[in-house]
Amino acid sequence: MSQKVTIAVDAMGGDHAPDVVLEGVAAALAADADISVVLCGPKAVVEPFAASHERCRAQVTTQVIDMAEHPAQAVRKKKDSSLVVGCRLVKEGAAQGFFSAGSTGACLAAGTLVMGRIKGVSRPCLATVVPSPVRPIVMCDVGANADCKPDYLVQFAQMGSVYAQKIFGYEKPSVALLNIGEEDTKGSQFAQDAHQLLRRRVPNFVGNCEGRDVLAATYDVVVTDGFTGNVCLKTIEGAAKVLFGAVKDAMMSSTKAKIGALCVKDSLRGLKDVVSPDTYGGAPLLGVRGACIVGHGSSNATAIKNGVLTTARVVRQGVSEIIEHMVAKGNDSDTITH
């Protein structure tokens with residue numbers, strides 16, 4: 001039997017909330033009988049849904065943080081927003097994890113300010129599963145920290161390794177630094193300094209990797225600063241969308257092409273599912289107390305469902321607790337052996 005977990009969900013998070021959130025939560029509850037949900041949002045939204053779904057409790061809130069608001073200011077001012085209340089439920093122990101497809105900046109701010117940073121973690125990082133057709137790989141940071149110090153990347157590597165190991169079962173995940181060349185001396189001074197620290201303090205560090213290695217899944221974990229990581233991720237996602245669109249247009253261009261499309265339709269659908277960010281549902285904020293998963297603002301019901309399920313899996317695998325134990329041991333002696 002799976003461990004029973006309670007996940008707080010922001011009913012108002014995302015471009016298509018609350019409808020797709022409610023649909024996704026219902027699908028997650030149906031998929032995992034050991035998940036309970038605390039649905040945070042306006043009374044008119046959460047109470048009818050909770051009344052008609054077992055294992056769902058309504059948490060009525062009176063405020064919503066919009067995508068365009070300043071993240072930190074909104075978190076401080078809107079203490080009764082669905083996003084902030086969801087994080088507070090984790091802090092208070094009423095839930096073990098939190099999921100939202102709302103403002104990424106607000107999720108990062110609330111995760112850090114409300115749920116709280118693990119003692120010893122310099123900066124929580126936003127990790128993501130790169131939509132590679134080869135296999136899942138973890139990249140961090142992808143947006144939480146645009147400006148970084150080299151030692152931040154050491155902790156990103158350690159936390160990303162825990163996530164890769166516990167969620168994807170990579171026994172000894174290989175870690176690489178995203179750079180402009182494989183040689184140790186390549187890149188900016190920041191990249192060179194980070195390389196030296198990673199080489200000294202992360203036993204599973206294998207060296208630099210280049211952009212072409214990311215989708216090829218040459219390594220299990222790729223670390224970089226949040227600015228570079230976000231640009232890299234959005235480039236991959238944008239390229240995938242354009243390419244699939246171009247393939248679709250080509251297959252609809254003639255009768256002969258349409259016949260051929262019927263032959264490969266199922267295979268292409270399977271490939272699209274593999275490279276879709278909806279498959280994993282969101283990116284974990286590593287380094288905070290508890291599981292905090294941030295979904296795409298454009299999440300559909302499938303992404304919401306998978307985001308809730310991923311949050312539950314992060315809780316069950318004890319990712320936050322392992323990171324806390326690892327950091328407490330001290331960075332100089334950390335080895336990913338959990």
# chains A, B, ... in the order shown; residues from 1 in each chain; ligands from 1
$ residues_around --residues "Ser82 in chain A" --least-positions-apart "3" --cutoff "9 Å" --atoms "only C-alpha atoms" --output "ChimeraX atom specification"
/A:9-13,39-42,59-65,79,85-87
$ residues_around --residues "Arg316 in chain A" --least-positions-apart "4" --cutoff "9 Å" --atoms "only C-alpha atoms" --output "JSON, numbers by chain"
{"A": [2, 3, 4, 5, 311, 312]}
$ atom_distance --atom1 "CA of Phe98 in chain A" --atom2 "CA of Asn145 in chain A"
20.5 Å
$ closest_residue --among "A:Met67, A:Glu54, A:Ala101, A:Gly260" --to "Asn300 in chain A" --atoms "only C-alpha atoms"
A:Ala101
$ closest_residue --among "A:Val214, A:Val114, A:Leu262, A:Ala58" --to "Cys232 in chain A" --atoms "only C-alpha atoms"
A:Val214
$ residues_around --residues "Leu22 in chain A" --least-positions-apart "6" --cutoff "9 Å" --atoms "only C-alpha atoms" --output "ChimeraX atom specification"
/A:11,39,45-46,49,301,304
$ write_last_selection --atoms "N, CA and C atoms" --output "PDB file, in the first residue's frame"
ATOM      1  N   ALA A  11      -6.329  26.225  -6.461  1.00  0.00           N
ATOM      2  CA  ALA A  11      -7.402  26.098  -7.457  1.00  0.00           C
ATOM      3  C   ALA A  11      -7.387  27.224  -8.474  1.00  0.00           C
ATOM      4  N   LEU A  39      -8.125  21.715  -1.353  1.00  0.00           N
ATOM      5  CA  LEU A  39      -8.281  22.613  -2.498  1.00  0.00           C
ATOM      6  C   LEU A  39      -8.480  24.043  -2.001  1.00  0.00           C
ATOM      7  N   VAL A  45     -15.914  28.092  -5.743  1.00  0.00           N
ATOM      8  CA  VAL A  45     -15.151  27.145  -6.560  1.00  0.00           C
ATOM      9  C   VAL A  45     -14.854  25.862  -5.794  1.00  0.00           C
ATOM     10  N   VAL A  46     -14.341  25.990  -4.581  1.00  0.00           N
ATOM     11  CA  VAL A  46     -13.800  24.817  -3.879  1.00  0.00           C
ATOM     12  C   VAL A  46     -14.845  24.015  -3.116  1.00  0.00           C
ATOM     13  N   PHE A  49     -16.917  21.481  -5.352  1.00  0.00           N
ATOM     14  CA  PHE A  49     -16.041  20.398  -5.810  1.00  0.00           C
ATOM     15  C   PHE A  49     -15.753  19.435  -4.667  1.00  0.00           C
ATOM     16  N   ALA A 301      -5.481  19.955 -18.111  1.00  0.00           N
ATOM     17  CA  ALA A 301      -5.905  19.059 -17.036  1.00  0.00           C
ATOM     18  C   ALA A 301      -4.922  17.904 -16.835  1.00  0.00           C
ATOM     19  N   ILE A 304      -2.036  19.191 -14.781  1.00  0.00           N
ATOM     20  CA  ILE A 304      -2.447  19.365 -13.382  1.00  0.00           C
ATOM     21  C   ILE A 304      -2.473  18.019 -12.679  1.00  0.00           C
TER      22      ILE A 304
END
